[in-house]
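Visitor: What follows is input.cif, made up of mmCIF, C-alpha atoms:
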data_final
loop_
_atom_site.label_atom_id
_atom_site.label_comp_id
_atom_site.auth_asym_id
_atom_site.auth_seq_id
_atom_site.Cartn_x
_atom_site.Cartn_y
_atom_site.Cartn_z
CA MET I 1 -26.73 34.91 -19.01
CA LYS I 2 -23.30 33.36 -19.65
CA ILE I 3 -21.29 32.21 -16.62
CA ALA I 4 -17.68 30.95 -16.70
CA VAL I 5 -16.16 29.06 -13.77
CA ILE I 6 -12.38 28.99 -13.96
CA GLY I 7 -11.04 25.82 -12.33
CA GLY I 8 -12.26 22.24 -12.26
CA GLY I 9 -11.64 21.46 -8.62
CA ALA I 10 -13.97 21.16 -5.62
CA ALA I 11 -14.75 24.90 -5.38
CA GLY I 12 -15.18 25.23 -9.14
CA PHE I 13 -17.65 22.36 -9.40
CA PHE I 14 -19.59 23.46 -6.34
CA SER I 15 -19.93 27.05 -7.52
CA ALA I 16 -20.90 25.94 -11.06
CA ILE I 17 -23.58 23.58 -9.73
CA THR I 18 -24.92 26.26 -7.34
CA ALA I 19 -24.95 28.88 -10.12
CA LYS I 20 -26.90 26.62 -12.47
CA GLU I 21 -29.40 25.69 -9.73
CA ASN I 22 -29.93 29.41 -8.99
CA TYR I 23 -30.06 30.42 -12.67
CA PRO I 24 -31.46 27.43 -14.61
CA ASP I 25 -31.60 29.38 -17.89
CA ALA I 26 -27.95 30.47 -17.73
CA GLU I 27 -25.20 28.91 -19.83
CA VAL I 28 -22.58 27.66 -17.34
CA VAL I 29 -19.16 26.38 -18.38
CA ILE I 30 -16.25 25.06 -16.27
CA LEU I 31 -12.87 25.94 -17.81
CA GLU I 32 -9.98 23.78 -16.52
CA LYS I 33 -6.40 24.41 -17.67
CA SER I 34 -5.16 20.83 -17.13
CA GLN I 35 -6.54 17.58 -18.50
CA LYS I 36 -7.73 16.45 -15.05
CA LEU I 37 -10.83 17.29 -13.03
CA LEU I 38 -11.14 17.18 -9.24
CA SER I 39 -7.58 15.90 -8.81
CA LYS I 40 -7.33 17.05 -5.17
CA VAL I 41 -10.64 15.38 -4.35
CA LYS I 42 -9.19 12.16 -5.79
CA ILE I 43 -6.15 12.04 -3.49
CA SER I 44 -7.66 13.61 -0.37
CA GLY I 45 -7.77 11.49 2.77
CA GLY I 46 -5.56 8.82 1.24
CA GLY I 47 -7.98 8.34 -1.65
CA ARG I 48 -11.05 8.26 0.61
CA CYS I 49 -11.87 12.01 0.36
CA ASN I 50 -12.23 13.78 3.69
CA VAL I 51 -15.34 15.72 2.57
CA THR I 52 -15.79 17.87 5.68
CA ASN I 53 -15.65 17.74 9.48
CA SER I 54 -18.44 16.84 11.90
CA CYS I 55 -17.78 20.02 13.95
CA SER I 56 -21.22 21.67 14.23
CA SER I 57 -20.28 24.84 16.13
CA VAL I 58 -19.53 27.76 13.80
CA GLY I 59 -17.30 29.35 16.45
CA GLN I 60 -15.25 26.16 16.73
CA LEU I 61 -15.20 25.76 12.97
CA CYS I 62 -13.63 29.20 12.54
CA GLN I 63 -10.78 28.20 14.86
CA ALA I 64 -9.60 25.57 12.35
CA TYR I 65 -8.54 28.31 9.91
CA PRO I 66 -5.24 30.08 10.61
CA ARG I 67 -6.19 32.51 7.83
CA GLY I 68 -9.75 33.49 7.03
CA GLY I 69 -11.49 31.86 9.99
CA LYS I 70 -13.01 34.87 11.77
CA LYS I 71 -13.94 36.53 8.48
CA LEU I 72 -15.82 33.40 7.34
CA LYS I 73 -18.10 33.36 10.39
CA LYS I 74 -21.08 34.86 8.56
CA ALA I 75 -20.46 32.61 5.54
CA PHE I 76 -20.42 29.51 7.75
CA HIS I 77 -23.80 30.46 9.19
CA LEU I 78 -25.14 30.34 5.62
CA PHE I 79 -23.40 27.12 4.58
CA ASN I 80 -21.54 24.97 7.10
CA THR I 81 -20.57 21.35 7.74
CA GLY I 82 -24.18 20.33 8.40
CA HIS I 83 -25.24 21.77 5.04
CA THR I 84 -22.39 19.96 3.28
CA ILE I 85 -23.36 16.61 4.80
CA ALA I 86 -27.03 17.14 3.85
CA TRP I 87 -26.05 18.25 0.31
CA PHE I 88 -24.06 15.10 -0.47
CA GLU I 89 -26.41 12.69 1.29
CA SER I 90 -29.44 14.10 -0.54
CA ARG I 91 -27.57 13.38 -3.79
CA GLY I 92 -26.86 9.74 -3.04
CA VAL I 93 -23.54 9.92 -1.15
CA PRO I 94 -24.01 8.59 2.41
CA LEU I 95 -21.33 9.91 4.76
CA PHE I 96 -19.99 8.92 8.18
CA ALA I 97 -17.89 10.71 10.81
CA GLN I 98 -14.83 9.14 12.41
CA ASP I 99 -14.05 9.63 16.10
CA ASP I 100 -11.60 12.40 15.17
CA GLY I 101 -14.39 14.35 13.43
CA ARG I 102 -13.29 13.72 9.86
CA VAL I 103 -16.20 12.92 7.54
CA PHE I 104 -15.84 10.39 4.69
CA PRO I 105 -18.16 8.72 2.18
CA VAL I 106 -19.42 5.37 3.48
CA SER I 107 -17.92 3.83 0.32
CA GLN I 108 -14.45 4.94 1.57
CA ARG I 109 -13.73 5.95 -2.03
CA SER I 110 -13.10 9.49 -3.25
CA GLN I 111 -14.45 8.39 -6.65
CA THR I 112 -17.95 8.37 -5.08
CA VAL I 113 -17.67 12.11 -4.40
CA ILE I 114 -16.21 12.76 -7.87
CA ASP I 115 -19.00 10.76 -9.53
CA CYS I 116 -21.61 12.75 -7.59
CA LEU I 117 -20.18 16.13 -8.70
CA LEU I 118 -19.81 14.95 -12.31
CA HIS I 119 -23.36 13.57 -12.28
CA GLU I 120 -24.72 16.91 -11.03
CA THR I 121 -22.92 18.88 -13.77
CA HIS I 122 -24.24 16.42 -16.37
CA ARG I 123 -27.78 16.54 -14.97
CA LEU I 124 -27.77 20.34 -15.00
CA ASN I 125 -26.21 20.53 -18.46
CA ILE I 126 -23.08 22.37 -17.32
CA ALA I 127 -20.38 22.34 -20.01
CA ILE I 128 -16.80 21.31 -19.11
CA GLU I 129 -13.76 22.25 -21.21
CA LEU I 130 -10.26 20.88 -20.49
CA GLY I 131 -6.89 22.30 -21.49
CA VAL I 132 -8.20 25.89 -21.30
CA GLY I 133 -5.86 28.12 -19.28
CA ILE I 134 -6.80 31.75 -18.70
CA LYS I 135 -4.31 34.47 -19.56
CA SER I 136 -6.30 37.54 -18.59
CA ILE I 137 -9.70 38.98 -17.63
CA VAL I 138 -10.65 42.35 -19.08
CA PRO I 139 -13.81 44.18 -17.94
CA ILE I 140 -15.78 45.49 -20.92
CA ASN I 141 -18.85 47.53 -20.01
CA ASN I 142 -20.73 45.24 -17.61
CA GLN I 143 -19.18 42.04 -18.93
CA LEU I 144 -15.85 40.23 -18.67
CA GLU I 145 -13.65 39.18 -21.57
CA LEU I 146 -11.42 36.14 -21.12
CA SER I 147 -8.30 35.58 -23.17
CA PHE I 148 -6.44 32.28 -23.12
CA ILE I 149 -2.88 30.99 -22.70
CA ASN I 150 -3.37 29.12 -25.97
CA GLU I 151 -3.42 32.20 -28.21
CA GLU I 152 -5.09 30.28 -31.01
CA LEU I 153 -8.30 30.32 -28.96
CA PRO I 154 -10.47 33.38 -29.58
CA THR I 155 -11.38 35.62 -26.64
CA ARG I 156 -14.79 34.99 -25.05
CA ILE I 157 -17.20 37.30 -23.24
CA PHE I 158 -19.19 36.32 -20.13
CA ASP I 159 -21.70 38.07 -17.91
CA LYS I 160 -20.32 36.54 -14.71
CA VAL I 161 -17.01 34.82 -13.94
CA ILE I 162 -16.13 32.75 -10.86
CA VAL I 163 -12.41 32.19 -10.24
CA ALA I 164 -11.77 28.88 -8.46
CA THR I 165 -8.25 28.07 -9.63
CA GLY I 166 -6.97 26.71 -6.32
CA GLY I 167 -3.79 27.69 -4.48
CA SER I 168 -0.84 28.92 -6.48
CA PRO I 169 2.61 27.98 -5.16
CA LYS I 170 4.13 31.13 -6.70
CA ARG I 171 3.00 34.74 -6.73
CA GLN I 172 3.35 35.02 -10.53
CA GLY I 173 0.59 32.42 -10.85
CA LEU I 174 -1.74 35.13 -9.51
CA ALA I 175 -0.35 38.01 -11.60
CA TRP I 176 -3.42 38.00 -13.91
CA LEU I 177 -5.63 38.67 -10.86
CA GLU I 178 -3.22 41.24 -9.41
CA ALA I 179 -3.36 43.08 -12.78
CA LEU I 180 -7.06 43.69 -12.18
CA GLY I 181 -6.26 45.50 -8.92
CA HIS I 182 -6.63 42.66 -6.39
CA LYS I 183 -4.28 42.64 -3.43
CA ILE I 184 -2.26 39.40 -3.35
CA GLU I 185 -0.87 37.85 -0.17
CA ASP I 186 2.37 36.02 -0.93
CA PRO I 187 1.76 32.26 -1.32
CA THR I 188 3.55 30.26 1.37
CA PRO I 189 3.46 26.50 2.03
CA SER I 190 1.14 25.38 4.81
CA LEU I 191 0.51 21.88 6.24
CA PHE I 192 3.99 20.41 6.20
CA THR I 193 5.99 18.02 8.35
CA PHE I 194 9.24 18.84 10.17
CA ASN I 195 12.60 17.53 8.92
CA MET I 196 15.16 16.60 11.58
CA PRO I 197 18.26 15.38 9.71
CA THR I 198 20.52 15.51 12.80
CA GLU I 199 18.16 13.92 15.33
CA GLU I 200 18.37 10.25 16.36
CA ILE I 201 14.68 10.13 17.26
CA THR I 202 14.01 9.38 13.56
CA GLN I 203 15.12 5.82 14.42
CA LEU I 204 11.69 5.42 16.06
CA THR I 205 9.95 5.82 12.68
CA GLY I 206 6.27 4.84 12.68
CA LEU I 207 5.78 5.53 16.39
CA VAL I 208 2.69 7.54 17.41
CA VAL I 209 2.38 9.37 20.72
CA GLU I 210 -1.28 10.18 21.26
CA ASN I 211 -1.29 13.17 23.62
CA THR I 212 1.60 15.60 23.13
CA LEU I 213 2.07 19.36 23.39
CA VAL I 214 4.35 20.80 20.70
CA SER I 215 5.66 24.37 20.66
CA ILE I 216 8.22 26.38 18.72
CA GLN I 217 11.00 27.80 20.86
CA GLY I 218 11.04 31.57 21.12
CA THR I 219 7.45 31.97 19.91
CA LYS I 220 3.91 31.68 21.27
CA LEU I 221 3.08 28.98 18.72
CA LYS I 222 1.89 25.70 20.21
CA SER I 223 -0.53 22.88 19.48
CA ASP I 224 -1.47 19.57 21.01
CA GLY I 225 -2.61 16.16 19.84
CA PRO I 226 -1.10 13.02 18.33
CA LEU I 227 2.50 13.17 17.06
CA LEU I 228 4.00 10.76 14.52
CA ILE I 229 7.74 10.10 14.28
CA THR I 230 8.87 9.52 10.69
CA HIS I 231 12.16 8.52 9.08
CA TRP I 232 12.78 12.21 8.25
CA GLY I 233 11.42 13.87 11.42
CA MET I 234 7.97 14.51 12.85
CA SER I 235 4.41 14.63 11.52
CA GLY I 236 0.90 13.92 12.82
CA PRO I 237 -1.95 16.31 13.71
CA ALA I 238 -0.02 18.26 16.38
CA VAL I 239 2.84 19.08 13.98
CA LEU I 240 0.59 19.78 10.98
CA LYS I 241 -1.57 22.16 13.04
CA LEU I 242 1.57 23.98 14.17
CA SER I 243 2.84 24.20 10.58
CA ALA I 244 -0.46 25.76 9.45
CA PHE I 245 -0.62 28.39 12.18
CA GLY I 246 3.10 29.15 11.86
CA ALA I 247 3.23 28.98 8.04
CA ARG I 248 4.35 32.57 7.39
CA MET I 249 6.73 32.87 10.30
CA LEU I 250 8.41 29.51 9.71
CA ASN I 251 8.87 30.44 6.06
CA GLU I 252 10.59 33.67 7.11
CA ILE I 253 13.08 31.80 9.30
CA LYS I 254 13.67 29.31 6.47
CA TYR I 255 12.37 26.32 8.46
CA ASP I 256 15.35 26.41 10.83
CA PHE I 257 14.16 26.34 14.46
CA ASN I 258 13.91 24.28 17.63
CA VAL I 259 10.75 22.46 18.59
CA GLN I 260 9.88 21.78 22.24
CA ILE I 261 7.83 18.72 23.09
CA SER I 262 5.95 17.74 26.19
CA TRP I 263 5.43 14.02 25.59
CA VAL I 264 2.78 14.00 28.33
CA ASN I 265 0.90 17.19 27.30
CA GLU I 266 1.76 18.82 30.61
CA THR I 267 3.91 21.89 31.24
CA ASN I 268 3.60 21.98 35.03
CA ASN I 269 6.73 20.19 36.24
CA GLU I 270 5.35 19.78 39.75
CA THR I 271 2.38 17.78 38.45
CA VAL I 272 4.70 15.43 36.54
CA THR I 273 7.12 15.17 39.50
CA ASN I 274 4.24 14.07 41.75
CA GLN I 275 3.13 11.51 39.15
CA LEU I 276 6.66 10.02 39.01
CA LYS I 277 6.94 10.00 42.82
CA ALA I 278 3.63 8.13 42.97
CA ILE I 279 5.01 5.51 40.55
CA ALA I 280 8.18 5.19 42.68
CA ALA I 281 6.07 4.66 45.80
CA GLU I 282 3.91 2.05 44.08
CA HIS I 283 6.70 0.16 42.29
CA PRO I 284 9.86 0.77 44.37
CA LYS I 285 11.53 -2.54 43.41
CA LYS I 286 10.78 -2.38 39.69
CA MET I 287 13.28 -1.09 37.16
CA ILE I 288 12.63 2.28 35.62
CA SER I 289 12.54 0.74 32.13
CA ASN I 290 9.70 -1.61 33.11
CA VAL I 291 7.16 0.92 34.40
CA ARG I 292 6.29 3.61 31.87
CA PRO I 293 4.57 6.81 33.08
CA TYR I 294 1.58 8.17 31.15
CA ALA I 295 1.40 4.89 29.16
CA LEU I 296 4.18 6.13 26.87
CA PRO I 297 5.19 3.77 24.05
CA GLU I 298 8.03 1.50 25.18
CA ARG I 299 10.41 2.46 22.36
CA LEU I 300 10.02 6.15 23.17
CA TRP I 301 10.48 5.62 26.91
CA LEU I 302 13.72 3.68 26.42
CA PHE I 303 14.92 6.30 23.91
CA LEU I 304 14.27 9.15 26.38
CA LEU I 305 16.07 7.32 29.22
CA LYS I 306 19.09 6.81 26.97
CA LYS I 307 18.97 10.41 25.71
CA ARG I 308 19.26 11.75 29.27
CA ALA I 309 21.73 9.04 30.37
CA ILE I 310 19.32 7.59 32.94
CA PRO I 311 20.28 3.94 33.62
CA GLU I 312 17.29 1.81 32.60
CA ASN I 313 18.16 -0.92 35.12
CA ARG I 314 17.96 1.56 38.02
CA LYS I 315 15.09 0.80 40.43
CA TRP I 316 12.37 3.41 40.90
CA SER I 317 13.22 3.63 44.64
CA GLU I 318 16.83 4.51 43.74
CA LEU I 319 15.97 7.34 41.39
CA GLY I 320 17.18 10.28 43.51
CA THR I 321 16.38 13.98 43.04
CA LYS I 322 18.89 14.62 40.25
CA LEU I 323 17.64 11.81 38.00
CA LEU I 324 14.03 12.60 38.87
CA ASN I 325 14.52 16.19 37.65
CA LYS I 326 16.18 14.92 34.47
CA LEU I 327 13.23 12.63 33.85
CA VAL I 328 10.66 15.38 34.43
CA ASN I 329 12.57 17.67 32.09
CA VAL I 330 12.76 15.18 29.22
CA LEU I 331 9.04 14.40 29.56
CA THR I 332 7.87 18.03 29.59
CA ASN I 333 10.57 19.94 27.73
CA ASP I 334 12.31 17.76 25.15
CA VAL I 335 13.99 19.82 22.41
CA TYR I 336 14.76 18.89 18.77
CA ALA I 337 16.36 20.84 15.93
CA VAL I 338 14.23 21.26 12.80
CA GLN I 339 15.98 21.96 9.50
CA GLY I 340 13.57 22.01 6.60
CA LYS I 341 10.10 20.72 5.78
CA THR I 342 8.36 18.07 3.70
CA THR I 343 4.98 18.46 2.01
CA PHE I 344 2.25 16.50 3.79
CA LYS I 345 1.34 13.62 1.46
CA GLU I 346 0.19 15.02 -1.88
CA GLU I 347 -2.14 17.46 -0.16
CA PHE I 348 -0.31 20.64 -1.09
CA VAL I 349 -1.91 23.56 0.72
CA THR I 350 -0.83 27.18 0.44
CA CYS I 351 -1.58 30.09 2.65
CA GLY I 352 -1.76 33.30 0.67
CA GLY I 353 -3.64 34.17 -2.50
CA VAL I 354 -6.22 36.86 -3.21
CA SER I 355 -6.45 38.99 -0.07
CA LEU I 356 -9.80 38.87 1.71
CA THR I 357 -9.72 42.69 1.73
CA SER I 358 -10.26 42.52 -2.06
CA VAL I 359 -13.45 40.43 -1.75
CA ASP I 360 -16.93 40.98 -0.31
CA LEU I 361 -17.20 37.89 1.89
CA ASN I 362 -21.00 38.09 1.96
CA THR I 363 -21.19 37.41 -1.78
CA MET I 364 -17.61 36.41 -2.75
CA GLN I 365 -17.72 39.19 -5.37
CA SER I 366 -14.52 41.10 -6.12
CA ASN I 367 -14.36 44.58 -4.58
CA VAL I 368 -12.43 45.90 -7.60
CA CYS I 369 -14.10 44.16 -10.54
CA GLN I 370 -17.85 43.89 -10.91
CA ASN I 371 -19.36 40.47 -11.82
CA LEU I 372 -16.14 38.65 -10.85
CA TYR I 373 -16.36 36.19 -7.94
CA PHE I 374 -13.94 33.94 -6.05
CA ALA I 375 -14.20 30.52 -4.43
CA GLY I 376 -11.81 28.11 -2.74
CA GLU I 377 -8.10 28.15 -2.14
CA VAL I 378 -7.29 30.93 -4.63
CA LEU I 379 -8.36 33.12 -1.69
CA ASP I 380 -6.12 33.70 1.32
CA ILE I 381 -7.99 31.04 3.29
CA ASP I 382 -6.49 27.82 4.57
CA ALA I 383 -7.09 25.35 7.36
CA ILE I 384 -5.61 22.56 9.42
CA THR I 385 -6.26 18.98 8.31
CA GLY I 386 -9.59 17.33 9.03
CA GLY I 387 -11.85 18.26 6.11
CA TYR I 388 -11.75 22.00 6.81
CA ASN I 389 -10.07 23.02 3.54
CA PHE I 390 -12.81 21.29 1.57
CA GLN I 391 -15.44 22.91 3.78
CA ALA I 392 -14.05 26.34 2.85
CA ALA I 393 -14.31 25.30 -0.83
CA TRP I 394 -17.96 24.22 -0.46
CA THR I 395 -18.91 27.34 1.56
CA THR I 396 -17.24 29.90 -0.70
CA GLY I 397 -18.42 27.99 -3.80
CA PHE I 398 -21.99 28.06 -2.50
CA LEU I 399 -21.87 31.83 -1.90
CA ALA I 400 -20.09 32.61 -5.18
CA GLY I 401 -22.62 30.50 -7.08
CA LYS I 402 -25.45 32.74 -5.90
CA LEU I 403 -23.88 35.49 -8.03
CA HIS I 404 -25.34 38.21 -5.83
CA SER I 405 -24.02 41.69 -6.45
#
Spell out the structure here as structure tokens.
Guide:
Amino acid sequence: MKIAVIGGGAAGFFSAITAKENYPDAEVVILEKSQKLLSKVKISGGGRCNVTNSCSSVGQLCQAYPRGGKKLKKAFHLFNTGHTIAWFESRGVPLFAQDDGRVFPVSQRSQTVIDCLLHETHRLNIAIELGVGIKSIVPINNQLELSFINEELPTRIFDKVIVATGGSPKRQGLAWLEALGHKIEDPTPSLFTFNMPTEEITQLTGLVVENTLVSIQGTKLKSDGPLLITHWGMSGPAVLKLSAFGARMLNEIKYDFNVQISWVNETNNETVTNQLKAIAAEHPKKMISNVRPYALPERLWLFLLKKRAIPENRKWSELGTKLLNKLVNVLTNDVYAVQGKTTFKEEFVTCGGVSLTSVDLNTMQSNVCQNLYFAGEVLDIDAITGGYNFQAAWTTGFLAGKLHS
């Protein structure tokens, strides 16, 4: 049996290794169009490679995927974060989980993960060819014929083909798969930060607020968690999560919207009012600027006082109802104008790709083309940050590599 895996990224390697372990006598080849292998693995997690997440509940795991989560439930029962951790550790890559759930190699080097995957392909005698871009797949009888972008290369016939080409930023990058009859969901950027060119808060660049609630005005979209202020706008887990879940809608409104922030992760104004009254009762003689509610960072607190024209030398006992209401409002309902987005680090993630309606998610086989399988981000599956996108690559690669019809 001849098996071709198209794409030399995480999903491609994992499906090739799984296929060879399941079919030791098969000829398996990884075909990569560029001159680089595992390039996303290399840069992930700031060069440390966020392999997976320590989340052990399949139900919870599914919630990390704005697209594909519920449909992957069965797949995650077969291969989940626990399986990933065991897979790498049994092959000489010890891992550890951070407090935020992200899992990294103990070496803190993505090269350790790359070396492991390369070692496995070498050990199993899996061939790797670089600079081989696929132009088309043509079903012939029960086999698949591949033709190449470099027309000097002769066509080749395989018994099974696994497509693991990663996300495509443009729809035409998926035209060769659409030509076979697969439904394509338009690729749209996901995981991006918010640009705020007109907002003065960017002067607080580098500041992190640990427990915020961020929502998009006029929608039901909201997320909580740490927020990072940057020199161009806002980032951090709360913003990135929001960008992932709102990817399609925010694209449609051309990234022009207002974001509402509760700096104290509380929307009940009465609760916050009572908290501020308690501070006033406890520190009546102290200046407002010197006692910060909810342990807010000092630079942010002074910025918010200035934004709402609340005198910072006013004593807490002299606050008055009007200023108290202003303060509550800026803490729970602060609004900023977003105009545009910036890609999060080099970790370009797209939502969109081959529609999950075109694939049997039990086997990852195409519903329209026999003996053709899919793995990884070429599918309309994407996640928030935290190792979940790689987990989807390992899971779908594992299932595709079984080559079950």
Visitor: At a cut-off of 10 Å, using all atoms listed in the file, what residues contact Thr332 in chain I? Leave out same-chain residues fewer than 2 positions from it and give the result as a VMD selection string.
Guide: chain I and resid 212 to 214 260 to 269 272 327 to 330 334 to 335
Visitor: Please expand the PyMOL selection byres ((chain I and resi 142-158) around 12) into the concrete residues it hits in this file, giving the result as a PDB file with C-alpha atoms, keeping the file's coordinate frame.
Guide:
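Everything below was put into selection_14.pdb:
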ATOM      1  CA  MET I   1     -26.730  34.910 -19.010  1.00  0.00           C
ATOM      2  CA  LYS I   2     -23.300  33.360 -19.650  1.00  0.00           C
ATOM      3  CA  ILE I   3     -21.290  32.210 -16.620  1.00  0.00           C
ATOM      4  CA  ALA I   4     -17.680  30.950 -16.700  1.00  0.00           C
ATOM      5  CA  VAL I   5     -16.160  29.060 -13.770  1.00  0.00           C
ATOM      6  CA  ILE I   6     -12.380  28.990 -13.960  1.00  0.00           C
ATOM      7  CA  ALA I  26     -27.950  30.470 -17.730  1.00  0.00           C
ATOM      8  CA  GLU I  27     -25.200  28.910 -19.830  1.00  0.00           C
ATOM      9  CA  VAL I  28     -22.580  27.660 -17.340  1.00  0.00           C
ATOM     10  CA  VAL I  29     -19.160  26.380 -18.380  1.00  0.00           C
ATOM     11  CA  LEU I  31     -12.870  25.940 -17.810  1.00  0.00           C
ATOM     12  CA  GLU I  32      -9.980  23.780 -16.520  1.00  0.00           C
ATOM     13  CA  LYS I  33      -6.400  24.410 -17.670  1.00  0.00           C
ATOM     14  CA  SER I  34      -5.160  20.830 -17.130  1.00  0.00           C
ATOM     15  CA  GLY I 131      -6.890  22.300 -21.490  1.00  0.00           C
ATOM     16  CA  VAL I 132      -8.200  25.890 -21.300  1.00  0.00           C
ATOM     17  CA  GLY I 133      -5.860  28.120 -19.280  1.00  0.00           C
ATOM     18  CA  ILE I 134      -6.800  31.750 -18.700  1.00  0.00           C
ATOM     19  CA  LYS I 135      -4.310  34.470 -19.560  1.00  0.00           C
ATOM     20  CA  SER I 136      -6.300  37.540 -18.590  1.00  0.00           C
ATOM     21  CA  ILE I 137      -9.700  38.980 -17.630  1.00  0.00           C
ATOM     22  CA  VAL I 138     -10.650  42.350 -19.080  1.00  0.00           C
ATOM     23  CA  PRO I 139     -13.810  44.180 -17.940  1.00  0.00           C
ATOM     24  CA  ILE I 140     -15.780  45.490 -20.920  1.00  0.00           C
ATOM     25  CA  ASN I 141     -18.850  47.530 -20.010  1.00  0.00           C
ATOM     26  CA  ASP I 159     -21.700  38.070 -17.910  1.00  0.00           C
ATOM     27  CA  LYS I 160     -20.320  36.540 -14.710  1.00  0.00           C
ATOM     28  CA  VAL I 161     -17.010  34.820 -13.940  1.00  0.00           C
ATOM     29  CA  ILE I 162     -16.130  32.750 -10.860  1.00  0.00           C
ATOM     30  CA  VAL I 163     -12.410  32.190 -10.240  1.00  0.00           C
ATOM     31  CA  TRP I 176      -3.420  38.000 -13.910  1.00  0.00           C
ATOM     32  CA  LEU I 180      -7.060  43.690 -12.180  1.00  0.00           C
ATOM     33  CA  CYS I 369     -14.100  44.160 -10.540  1.00  0.00           C
ATOM     34  CA  GLN I 370     -17.850  43.890 -10.910  1.00  0.00           C
ATOM     35  CA  ASN I 371     -19.360  40.470 -11.820  1.00  0.00           C
ATOM     36  CA  LEU I 372     -16.140  38.650 -10.850  1.00  0.00           C
ATOM     37  CA  TYR I 373     -16.360  36.190  -7.940  1.00  0.00           C
TER      38      TYR I 373
END
Visitor: Could you jot down the CA of Leu38 in chain I to CA of Gly246 in chain I separation for me, Å, one decimal place?
Guide: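 According to the coordinates, CA of Leu38 in chain I and CA of Gly246 in chain I are separated by 28.1 Å.
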Visitor: Just checking: using only C-alpha atoms, which residue out of I:Lys306, I:Lys322, I:Lys341, I:Arg91 ends up closest to Leu250 in chain I?
Guide: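 Of I:Lys306, I:Lys322, I:Lys341, I:Arg91, the one nearest Leu250 in chain I is I:Lys341, counting only C-alpha atoms.
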Visitor: Tell me, as a PyMOL selection string, which residues lie within 7 Å of Lys42 in chain I, counting all atoms listed in the file; anything in the same chain fewer than 6 positions away does not count.
Guide: chain I and resi 49+110-111
Visitor: Skip Leu174 in chain I itself and residues of its chain fewer than 4 positions away, then list as a ChimeraX atom specification all residues within 9 Å of it, counting all atoms listed in the file.
Guide: /I:168,170,178-179,184,353-354,378
Visitor: Once the PyMOL selection byres ((chain I and resi 17) around 8) has been applied to the shown file, what residues remain in the selection, as a list in words?
Guide: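 So the PyMOL selection byres ((chain I and resi 17) around 8) ends up selecting Phe13, Phe14, Ser15, Ala16, Thr18, Ala19, Lys20, Glu21, Glu120, Thr121, Leu124, Ile126 and Gly401 of chain I.
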Visitor: I need the output of the PyMOL selection byres ((chain I and resi 48) around 12) for this file as number ranges by chain; which residues are they?
Guide: I: 40-47, 49-52, 95-96, 102-114, 387
